[in-house]
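Reproduced below: entry.cif, with mmCIF, C-alpha atoms.
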data_run
loop_
_atom_site.group_PDB
_atom_site.id
_atom_site.type_symbol
_atom_site.label_atom_id
_atom_site.label_comp_id
_atom_site.auth_asym_id
_atom_site.auth_seq_id
_atom_site.Cartn_x
_atom_site.Cartn_y
_atom_site.Cartn_z
ATOM 1 C CA MET A 1 85.857 -79.621 7.144
ATOM 2 C CA THR A 2 85.826 -82.181 9.942
ATOM 3 C CA ASP A 3 88.661 -84.755 9.874
ATOM 4 C CA VAL A 4 90.314 -83.167 6.830
ATOM 5 C CA THR A 5 92.949 -80.439 6.768
ATOM 6 C CA THR A 6 92.129 -77.976 3.995
ATOM 7 C CA ASP A 7 92.747 -74.432 2.940
ATOM 8 C CA ALA A 8 89.536 -72.595 3.879
ATOM 9 C CA THR A 9 88.972 -69.428 1.929
ATOM 10 C CA GLU A 10 86.277 -67.358 0.231
ATOM 11 C CA VAL A 11 85.438 -65.785 -3.110
ATOM 12 C CA THR A 12 83.167 -62.851 -3.918
ATOM 13 C CA LEU A 13 80.565 -63.682 -6.546
ATOM 14 C CA SER A 14 77.715 -61.614 -7.947
ATOM 15 C CA ALA A 15 75.333 -62.866 -5.234
ATOM 16 C CA GLY A 16 77.759 -62.398 -2.338
ATOM 17 C CA VAL A 17 80.670 -64.088 -0.595
ATOM 18 C CA VAL A 18 80.883 -67.856 -0.975
ATOM 19 C CA GLU A 19 83.162 -69.806 1.360
ATOM 20 C CA TYR A 20 84.940 -72.873 0.087
ATOM 21 C CA GLU A 21 87.626 -75.345 1.053
ATOM 22 C CA ASP A 22 90.473 -76.448 -1.185
ATOM 23 C CA THR A 23 92.815 -79.356 -0.481
ATOM 24 C CA GLY A 24 95.250 -78.049 -3.122
ATOM 25 C CA GLY A 25 97.769 -80.089 -5.032
ATOM 26 C CA ASP A 26 98.469 -80.775 -8.683
ATOM 27 C CA GLY A 27 95.992 -83.610 -9.201
ATOM 28 C CA PRO A 28 92.803 -83.423 -11.252
ATOM 29 C CA VAL A 29 90.214 -81.029 -9.831
ATOM 30 C CA VAL A 30 87.062 -82.456 -8.297
ATOM 31 C CA VAL A 31 84.390 -79.963 -7.193
ATOM 32 C CA LEU A 32 81.887 -81.429 -4.728
ATOM 33 C CA LEU A 33 78.457 -79.871 -4.170
ATOM 34 C CA HIS A 34 75.977 -80.463 -1.340
ATOM 35 C CA GLY A 35 72.232 -79.998 -0.942
ATOM 36 C CA VAL A 36 69.806 -77.892 1.088
ATOM 37 C CA ALA A 37 70.672 -77.085 4.720
ATOM 38 C CA MET A 38 74.080 -78.766 4.448
ATOM 39 C CA ASN A 39 77.621 -77.545 3.920
ATOM 40 C CA GLY A 40 80.824 -79.015 2.568
ATOM 41 C CA SER A 41 81.316 -81.246 5.612
ATOM 42 C CA LEU A 42 78.893 -83.641 3.905
ATOM 43 C CA TRP A 43 81.921 -84.693 1.834
ATOM 44 C CA ARG A 44 84.470 -84.990 4.673
ATOM 45 C CA HIS A 45 84.917 -88.772 4.385
ATOM 46 C CA VAL A 46 85.026 -88.749 0.576
ATOM 47 C CA VAL A 47 87.560 -85.908 0.547
ATOM 48 C CA ALA A 48 89.754 -87.846 2.968
ATOM 49 C CA GLY A 49 89.780 -90.750 0.529
ATOM 50 C CA LEU A 50 90.352 -88.669 -2.606
ATOM 51 C CA ARG A 51 92.887 -86.119 -1.452
ATOM 52 C CA PRO A 52 96.102 -88.126 -1.870
ATOM 53 C CA ASP A 53 95.677 -87.929 -5.658
ATOM 54 C CA VAL A 54 92.949 -85.343 -6.274
ATOM 55 C CA ARG A 55 92.514 -81.632 -5.617
ATOM 56 C CA CYS A 56 89.132 -81.346 -3.902
ATOM 57 C CA VAL A 57 87.324 -77.989 -3.994
ATOM 58 C CA VAL A 58 84.220 -77.861 -1.810
ATOM 59 C CA PRO A 59 82.111 -74.673 -1.821
ATOM 60 C CA THR A 60 79.303 -74.018 0.628
ATOM 61 C CA LEU A 61 76.387 -73.008 -1.579
ATOM 62 C CA PRO A 62 73.766 -70.509 -0.332
ATOM 63 C CA LEU A 63 71.279 -73.256 0.498
ATOM 64 C CA GLY A 64 70.777 -72.577 4.211
ATOM 65 C CA ALA A 65 73.986 -73.757 5.910
ATOM 66 C CA HIS A 66 76.069 -70.847 4.594
ATOM 67 C CA ARG A 67 77.372 -68.400 7.202
ATOM 68 C CA ARG A 68 77.518 -65.275 5.030
ATOM 69 C CA PRO A 69 74.100 -64.047 3.821
ATOM 70 C CA MET A 70 73.783 -63.266 0.147
ATOM 71 C CA ARG A 71 72.810 -59.839 -1.148
ATOM 72 C CA PRO A 72 69.083 -59.168 -0.656
ATOM 73 C CA ASP A 73 68.547 -58.908 -4.426
ATOM 74 C CA ALA A 74 70.526 -62.055 -5.284
ATOM 75 C CA ASP A 75 68.918 -64.575 -7.617
ATOM 76 C CA LEU A 76 68.764 -67.679 -5.442
ATOM 77 C CA THR A 77 66.315 -69.669 -7.528
ATOM 78 C CA VAL A 78 67.402 -73.131 -8.617
ATOM 79 C CA SER A 79 68.759 -71.741 -11.884
ATOM 80 C CA GLY A 80 70.274 -68.768 -10.055
ATOM 81 C CA VAL A 81 72.293 -71.027 -7.768
ATOM 82 C CA ALA A 82 73.356 -73.096 -10.790
ATOM 83 C CA ARG A 83 74.663 -69.913 -12.393
ATOM 84 C CA LEU A 84 76.596 -69.204 -9.189
ATOM 85 C CA VAL A 85 78.300 -72.589 -9.544
ATOM 86 C CA ALA A 86 79.344 -71.685 -13.100
ATOM 87 C CA GLU A 87 80.553 -68.296 -11.842
ATOM 88 C CA PHE A 88 82.485 -70.011 -9.036
ATOM 89 C CA LEU A 89 84.334 -72.238 -11.517
ATOM 90 C CA GLU A 90 85.135 -69.243 -13.693
ATOM 91 C CA LYS A 91 86.278 -67.045 -10.809
ATOM 92 C CA LEU A 92 88.670 -69.727 -9.569
ATOM 93 C CA ASP A 93 89.718 -70.482 -13.177
ATOM 94 C CA LEU A 94 88.942 -74.168 -12.770
ATOM 95 C CA ASP A 95 88.816 -76.083 -16.065
ATOM 96 C CA ASP A 96 88.121 -79.684 -16.988
ATOM 97 C CA VAL A 97 86.689 -80.284 -13.518
ATOM 98 C CA THR A 98 84.874 -83.363 -12.338
ATOM 99 C CA LEU A 99 81.670 -81.934 -10.875
ATOM 100 C CA VAL A 100 80.119 -84.130 -8.201
ATOM 101 C CA LEU A 101 76.628 -83.457 -6.843
ATOM 102 C CA ASN A 102 74.631 -85.118 -4.086
ATOM 103 C CA ASP A 103 71.024 -84.236 -3.239
ATOM 104 C CA TRP A 104 71.101 -80.936 -5.180
ATOM 105 C CA GLY A 105 70.157 -81.359 -8.848
ATOM 106 C CA GLY A 106 71.589 -78.186 -10.354
ATOM 107 C CA ALA A 107 73.542 -80.044 -13.059
ATOM 108 C CA GLN A 108 70.366 -80.118 -15.150
ATOM 109 C CA ALA A 109 70.182 -76.316 -15.176
ATOM 110 C CA LEU A 110 73.912 -75.911 -15.816
ATOM 111 C CA VAL A 111 73.739 -78.053 -18.940
ATOM 112 C CA ALA A 112 70.385 -76.695 -20.132
ATOM 113 C CA GLU A 113 71.633 -73.103 -19.900
ATOM 114 C CA GLY A 114 74.953 -73.871 -21.607
ATOM 115 C CA ARG A 115 77.034 -73.089 -18.527
ATOM 116 C CA ASP A 116 78.854 -76.414 -18.424
ATOM 117 C CA GLN A 117 81.940 -75.540 -20.502
ATOM 118 C CA ARG A 118 84.329 -75.964 -17.556
ATOM 119 C CA ILE A 119 82.939 -79.392 -16.647
ATOM 120 C CA GLY A 120 85.012 -82.250 -18.035
ATOM 121 C CA ARG A 121 83.184 -85.016 -16.176
ATOM 122 C CA LEU A 122 79.928 -85.184 -14.264
ATOM 123 C CA VAL A 123 79.038 -87.336 -11.250
ATOM 124 C CA ILE A 124 75.363 -87.281 -10.285
ATOM 125 C CA THR A 125 74.901 -88.905 -6.882
ATOM 126 C CA SER A 126 71.300 -89.517 -5.733
ATOM 127 C CA CYS A 127 70.068 -86.071 -6.757
ATOM 128 C CA GLU A 128 66.930 -84.165 -7.567
ATOM 129 C CA ALA A 129 66.061 -85.026 -11.160
ATOM 130 C CA PHE A 130 63.275 -84.596 -13.681
ATOM 131 C CA ASP A 131 60.409 -82.893 -11.769
ATOM 132 C CA ASN A 132 61.367 -84.162 -8.291
ATOM 133 C CA TYR A 133 61.858 -80.623 -6.932
ATOM 134 C CA PRO A 134 61.693 -80.136 -3.994
ATOM 135 C CA PRO A 135 62.360 -83.822 -3.517
ATOM 136 C CA GLY A 136 60.173 -86.352 -1.791
ATOM 137 C CA LEU A 137 58.418 -86.053 1.541
ATOM 138 C CA PRO A 138 61.091 -83.907 3.284
ATOM 139 C CA GLY A 139 61.224 -81.571 0.279
ATOM 140 C CA ARG A 140 57.477 -81.072 0.244
ATOM 141 C CA ASN A 141 57.529 -80.445 3.991
ATOM 142 C CA LEU A 142 60.258 -77.821 3.540
ATOM 143 C CA ALA A 143 58.261 -76.125 0.770
ATOM 144 C CA ILE A 144 55.234 -75.849 3.061
ATOM 145 C CA ALA A 145 57.413 -74.302 5.765
ATOM 146 C CA ALA A 146 58.886 -71.803 3.278
ATOM 147 C CA ARG A 147 55.423 -70.674 2.197
ATOM 148 C CA THR A 148 54.226 -70.170 5.791
ATOM 149 C CA PRO A 149 55.166 -66.954 7.644
ATOM 150 C CA GLY A 150 57.729 -67.946 10.248
ATOM 151 C CA GLY A 151 57.609 -71.526 8.971
ATOM 152 C CA LEU A 152 61.312 -72.007 8.330
ATOM 153 C CA ARG A 153 62.247 -70.596 11.695
ATOM 154 C CA LEU A 154 59.880 -73.029 13.428
ATOM 155 C CA ALA A 155 60.845 -76.005 11.265
ATOM 156 C CA PHE A 156 64.535 -75.666 12.032
ATOM 157 C CA ALA A 157 63.978 -74.727 15.678
ATOM 158 C CA LEU A 158 62.281 -78.109 16.066
ATOM 159 C CA LEU A 159 65.470 -79.739 14.757
ATOM 160 C CA LYS A 160 67.242 -78.626 17.918
ATOM 161 C CA LEU A 161 65.364 -81.595 19.414
ATOM 162 C CA LYS A 162 67.501 -84.527 18.345
ATOM 163 C CA PRO A 163 64.680 -87.121 18.013
ATOM 164 C CA MET A 164 62.997 -84.826 15.449
ATOM 165 C CA ARG A 165 65.964 -85.302 13.112
ATOM 166 C CA ARG A 166 65.102 -88.933 12.389
ATOM 167 C CA LEU A 167 61.509 -88.379 11.294
ATOM 168 C CA PRO A 168 60.680 -89.073 7.623
ATOM 169 C CA LEU A 169 59.371 -85.501 7.335
ATOM 170 C CA THR A 170 62.782 -84.106 8.258
ATOM 171 C CA TRP A 171 66.083 -86.016 7.876
ATOM 172 C CA GLY A 172 65.090 -89.586 8.679
ATOM 173 C CA TRP A 173 64.821 -90.564 5.011
ATOM 174 C CA MET A 174 67.919 -88.632 3.965
ATOM 175 C CA SER A 175 70.441 -90.996 5.551
ATOM 176 C CA LYS A 176 70.009 -94.564 6.711
ATOM 177 C CA ARG A 177 72.460 -93.962 9.534
ATOM 178 C CA PRO A 178 72.109 -90.857 11.697
ATOM 179 C CA VAL A 179 74.369 -87.985 10.715
ATOM 180 C CA PRO A 180 76.491 -87.090 13.781
ATOM 181 C CA HIS A 181 74.706 -84.459 15.825
ATOM 182 C CA GLU A 182 77.723 -82.140 15.876
ATOM 183 C CA VAL A 183 77.733 -82.170 12.062
ATOM 184 C CA MET A 184 74.008 -81.416 11.869
ATOM 185 C CA ASP A 185 74.356 -78.678 14.489
ATOM 186 C CA ASP A 186 76.937 -77.034 12.240
ATOM 187 C CA TRP A 187 74.587 -77.338 9.250
ATOM 188 C CA PHE A 188 71.583 -75.868 11.056
ATOM 189 C CA ARG A 189 73.240 -73.159 13.167
ATOM 190 C CA PRO A 190 73.043 -70.412 10.498
ATOM 191 C CA LEU A 191 69.306 -71.060 10.128
ATOM 192 C CA TRP A 192 68.851 -70.967 13.903
ATOM 193 C CA THR A 193 70.639 -67.659 14.301
ATOM 194 C CA SER A 194 70.140 -65.584 11.131
ATOM 195 C CA ALA A 195 66.937 -64.243 9.588
ATOM 196 C CA ALA A 196 68.953 -63.315 6.482
ATOM 197 C CA ILE A 197 70.075 -66.938 6.021
ATOM 198 C CA ARG A 198 66.440 -68.073 6.370
ATOM 199 C CA ARG A 199 65.527 -65.450 3.752
ATOM 200 C CA ASP A 200 68.120 -66.931 1.388
ATOM 201 C CA LEU A 201 66.825 -70.458 1.898
ATOM 202 C CA ARG A 202 63.237 -69.328 1.380
ATOM 203 C CA ALA A 203 64.201 -67.709 -1.924
ATOM 204 C CA TYR A 204 65.730 -70.975 -3.083
ATOM 205 C CA VAL A 205 62.907 -73.274 -1.960
ATOM 206 C CA LEU A 206 60.291 -71.038 -3.577
ATOM 207 C CA GLY A 207 62.428 -70.600 -6.711
ATOM 208 C CA VAL A 208 61.583 -73.912 -8.353
ATOM 209 C CA PRO A 209 60.447 -73.448 -11.966
ATOM 210 C CA PRO A 210 57.329 -75.085 -13.430
ATOM 211 C CA LYS A 211 57.277 -78.806 -14.168
ATOM 212 C CA ASP A 212 57.623 -78.382 -17.929
ATOM 213 C CA GLU A 213 60.812 -76.355 -17.470
ATOM 214 C CA LEU A 214 62.254 -78.930 -15.075
ATOM 215 C CA LEU A 215 61.581 -81.722 -17.548
ATOM 216 C CA ALA A 216 63.173 -79.670 -20.339
ATOM 217 C CA TRP A 217 66.281 -79.297 -18.155
ATOM 218 C CA ALA A 218 66.443 -83.081 -17.764
ATOM 219 C CA GLU A 219 66.101 -83.590 -21.521
ATOM 220 C CA ALA A 220 69.043 -81.242 -22.053
ATOM 221 C CA LEU A 221 71.300 -83.795 -20.372
ATOM 222 C CA ARG A 222 71.121 -85.737 -23.654
ATOM 223 C CA THR A 223 73.461 -83.065 -25.055
ATOM 224 C CA PHE A 224 76.161 -83.592 -22.409
ATOM 225 C CA ASP A 225 78.779 -85.399 -24.506
ATOM 226 C CA ARG A 226 81.458 -85.858 -21.839
ATOM 227 C CA PRO A 227 81.875 -88.796 -19.430
ATOM 228 C CA ALA A 228 79.125 -89.001 -16.824
ATOM 229 C CA LEU A 229 78.735 -91.267 -13.834
ATOM 230 C CA VAL A 230 75.397 -91.766 -12.104
ATOM 231 C CA VAL A 231 75.710 -93.159 -8.572
ATOM 232 C CA TRP A 232 72.436 -93.999 -6.859
ATOM 233 C CA ALA A 233 71.333 -95.465 -3.549
ATOM 234 C CA THR A 234 69.242 -98.573 -4.176
ATOM 235 C CA GLU A 235 67.163 -97.952 -1.030
ATOM 236 C CA ASP A 236 66.641 -94.216 -1.626
ATOM 237 C CA LYS A 237 63.243 -93.050 -0.364
ATOM 238 C CA VAL A 238 63.561 -89.436 -1.573
ATOM 239 C CA MET A 239 65.270 -89.700 -4.963
ATOM 240 C CA PRO A 240 63.618 -92.629 -6.811
ATOM 241 C CA PRO A 241 66.171 -95.259 -7.927
ATOM 242 C CA ALA A 242 64.386 -95.367 -11.286
ATOM 243 C CA HIS A 243 65.551 -91.780 -11.824
ATOM 244 C CA GLY A 244 69.170 -92.905 -11.587
ATOM 245 C CA ARG A 245 68.652 -95.550 -14.245
ATOM 246 C CA ARG A 246 66.843 -93.067 -16.518
ATOM 247 C CA LEU A 247 69.608 -90.500 -16.172
ATOM 248 C CA ALA A 248 72.308 -93.034 -17.003
ATOM 249 C CA GLU A 249 70.398 -94.009 -20.155
ATOM 250 C CA MET A 250 69.859 -90.380 -21.203
ATOM 251 C CA LEU A 251 73.455 -89.254 -20.813
ATOM 252 C CA PRO A 252 75.319 -90.176 -24.039
ATOM 253 C CA ARG A 253 78.367 -91.398 -22.112
ATOM 254 C CA GLY A 254 76.583 -92.274 -18.906
ATOM 255 C CA GLU A 255 77.518 -95.111 -16.573
ATOM 256 C CA LEU A 256 75.475 -96.326 -13.613
ATOM 257 C CA VAL A 257 76.752 -97.496 -10.236
ATOM 258 C CA GLU A 258 74.163 -98.525 -7.663
ATOM 259 C CA ILE A 259 75.116 -98.573 -3.980
ATOM 260 C CA ALA A 260 73.195 -100.714 -1.515
ATOM 261 C CA ASP A 261 72.503 -100.077 2.157
ATOM 262 C CA SER A 262 72.155 -96.307 1.737
ATOM 263 C CA PHE A 263 69.592 -93.555 1.470
ATOM 264 C CA THR A 264 70.138 -90.247 -0.360
ATOM 265 C CA LEU A 265 73.219 -89.057 1.523
ATOM 266 C CA ILE A 266 75.611 -91.689 0.197
ATOM 267 C CA PRO A 267 78.630 -89.596 1.389
ATOM 268 C CA GLU A 268 77.331 -90.187 4.932
ATOM 269 C CA ASP A 269 75.970 -93.724 4.627
ATOM 270 C CA ARG A 270 78.493 -95.386 2.290
ATOM 271 C CA PRO A 271 81.448 -93.062 1.728
ATOM 272 C CA GLN A 272 83.941 -95.818 0.896
ATOM 273 C CA PRO A 273 82.198 -97.313 -2.175
ATOM 274 C CA LEU A 274 81.318 -93.811 -3.357
ATOM 275 C CA THR A 275 84.954 -92.739 -3.036
ATOM 276 C CA GLU A 276 86.076 -95.843 -4.912
ATOM 277 C CA ALA A 277 83.592 -95.125 -7.719
ATOM 278 C CA ILE A 278 84.807 -91.527 -8.074
ATOM 279 C CA ARG A 279 88.468 -92.563 -7.987
ATOM 280 C CA ALA A 280 87.847 -95.132 -10.726
ATOM 281 C CA PHE A 281 86.056 -92.494 -12.816
ATOM 282 C CA VAL A 282 88.501 -89.594 -12.488
ATOM 283 C CA PRO A 283 91.583 -89.870 -14.742
ATOM 284 C CA LEU A 284 94.525 -89.934 -12.340
ATOM 285 C CA PRO A 285 98.101 -89.150 -13.398
#
Represent the structure from my file as structure tokens, please.
Amino acid sequence: MTDVTTDATEVTLSAGVVEYEDTGGDGPVVVLLHGVAMNGSLWRHVVAGLRPDVRCVVPTLPLGAHRRPMRPDADLTVSGVARLVAEFLEKLDLDDVTLVLNDWGGAQALVAEGRDQRIGRLVITSCEAFDNYPPGLPGRNLAIAARTPGGLRLAFALLKLKPMRRLPLTWGWMSKRPVPHEVMDDWFRPLWTSAAIRRDLRAYVLGVPPKDELLAWAEALRTFDRPALVVWATEDKVMPPAHGRRLAEMLPRGELVEIADSFTLIPEDRPQPLTEAIRAFVPLP
């Protein structure tokens, strides 16, 4: 993970090998999850701010930026990846974790399917919610590419052209400030070089359940009785700010923090206030 010294390792789960990074230490465990076509480096600035007091565990989910393809028969639907997160926590024997998500909305499925026992606290940071799957204009564009033969290969090949990365159809609405090109290159390289990685991403993008199931997942958050923090970008163009307010009201112990001057990727745009919000939320020794 750029700018942060961590212990990089891997764990074998039912779907395949998942790589993760672990800062170690005896502090409370915070598990940070990224979205589609990103890896754990999304959290590099936040981890740098948390690590003096917190053990940060950052897996790279099989969402397109992973380097090790999953098994061809792996369930990589939205709910399948959520189950992998639960399996990851169990395999590493992580309990009472603070689970932090940005962009990816798998917390809904984890709670709805009763796989949230190891989660002590939940931080939902500008995520897919309700029926906003795949989210916004870039999500719909990605879904079209996934349904078109050769579409994902072409879509990500175009992202080798740096000006393409700032279009609203691609990554322009994901972060208000450009993500460093070397970081994005690292995110996209597996999709540029591996048909098996593109296969995994296609399985995920096309694995969104029907709208009624998505809305039932959101309703299930009303049963999450542990502390929950909703952090939302006030200028988000992909994840509607109204969704953040609704989630905070639904969660029985929900709190809302709104962060200005940011789009969806708050860990890129405004890492300092996000880090401060997480530090204030996590019980430190």
Checklist entry - Suppose you want the space between CA of Trp187 (chain A) and CA of Ala155 (chain A); what is it in Å? => result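 Distance reported for this atom pair: 14.0 Å.
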Item to check | Near-Leu206 (chain A) list (10 Å; only C-alpha atoms; drop same-chain fewer than 3 positions) as a VMD selection string | outcome: chain A and resid 76 to 78 134 142 to 144 146 to 147 201 to 203 209
Checklist entry - Which of these, A:Val100, A:Leu167, A:Leu256, A:Ala86, has the shortest distance to Leu137 (chain A) once you count only C-alpha atoms? => result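 Among the listed residues, the smallest separation from Leu137 (chain A) belongs to A:Leu167.
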Checklist entry - Quick one, how far is CA of Asp93 (chain A) from CA of Arg118 (chain A)? => result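 CA of Arg118 (chain A) lies at a distance of 8.8 Å from CA of Asp93 (chain A).
For the choices A:Val29, A:Glu128, A:Ala109, A:Asn102, the atom-to-atom distance to Leu89 (chain A) is smallest for A:Val29 when using only C-alpha atoms.
Counting only C-alpha atoms, the residue from A:Gly16, A:Arg71, A:Ser41, A:Asp103 that sits nearest to Pro180 (chain A) is A:Ser41.
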Checklist entry - CA of Asp95 (chain A) and CA of Ala129 (chain A) are how many Å apart? => result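 Value for the CA of Asp95 (chain A)-CA of Ala129 (chain A) distance: 24.9 Å.
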Item to check | Resolved residues for the PyMOL selection byres ((chain A and resi 130) around 6) as number ranges by chain | outcome: A: 129, 131-132, 214-215, 218
Next on the checklist: Assuming the chain letters and numbering stay as they are in my file, what does the PyMOL selection byres ((chain A and resi 193) around 12) actually select? List them as number ranges by chain.
Outcome noted: A: 64-69, 152-153, 156-157, 185-192, 194-199
Where atoms are lacking, region 201-216 of chain A completed to N, CA and C atoms, as a short mmCIF file (atom, residue, chain, number, x, y, z; two decimals), in the frame of the given file:
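The result, stored in selection32.cif:
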data_model
loop_
_atom_site.label_atom_id
_atom_site.label_comp_id
_atom_site.auth_asym_id
_atom_site.auth_seq_id
_atom_site.Cartn_x
_atom_site.Cartn_y
_atom_site.Cartn_z
N LEU A 201 67.36 -69.12 2.12
CA LEU A 201 66.82 -70.46 1.90
C LEU A 201 65.41 -70.39 1.35
N ARG A 202 64.62 -69.47 1.88
CA ARG A 202 63.24 -69.33 1.38
C ARG A 202 63.24 -68.99 -0.10
N ALA A 203 64.13 -68.10 -0.51
CA ALA A 203 64.20 -67.71 -1.92
C ALA A 203 64.53 -68.91 -2.80
N TYR A 204 65.38 -69.79 -2.30
CA TYR A 204 65.73 -70.97 -3.08
C TYR A 204 64.54 -71.95 -3.15
N VAL A 205 63.97 -72.26 -2.00
CA VAL A 205 62.91 -73.27 -1.96
C VAL A 205 61.71 -72.84 -2.80
N LEU A 206 61.43 -71.55 -2.80
CA LEU A 206 60.29 -71.04 -3.58
C LEU A 206 60.67 -70.71 -5.02
N GLY A 207 61.95 -70.95 -5.37
CA GLY A 207 62.43 -70.60 -6.71
C GLY A 207 62.50 -71.77 -7.66
N VAL A 208 61.62 -72.75 -7.47
CA VAL A 208 61.58 -73.91 -8.35
C VAL A 208 60.72 -73.57 -9.57
N PRO A 209 61.23 -73.78 -10.77
CA PRO A 209 60.45 -73.45 -11.97
C PRO A 209 59.32 -74.46 -12.20
N PRO A 210 58.44 -74.16 -13.15
CA PRO A 210 57.33 -75.08 -13.43
C PRO A 210 57.82 -76.45 -13.93
N LYS A 211 56.93 -77.43 -13.82
CA LYS A 211 57.28 -78.81 -14.17
C LYS A 211 57.80 -78.93 -15.59
N ASP A 212 57.19 -78.22 -16.54
CA ASP A 212 57.62 -78.38 -17.93
C ASP A 212 59.06 -77.89 -18.12
N GLU A 213 59.43 -76.85 -17.38
CA GLU A 213 60.81 -76.36 -17.47
C GLU A 213 61.79 -77.35 -16.85
N LEU A 214 61.40 -77.93 -15.72
CA LEU A 214 62.25 -78.93 -15.08
C LEU A 214 62.49 -80.12 -16.00
N LEU A 215 61.44 -80.57 -16.65
CA LEU A 215 61.58 -81.72 -17.55
C LEU A 215 62.42 -81.36 -18.77
N ALA A 216 62.32 -80.11 -19.22
CA ALA A 216 63.17 -79.67 -20.34
C ALA A 216 64.64 -79.64 -19.92
#
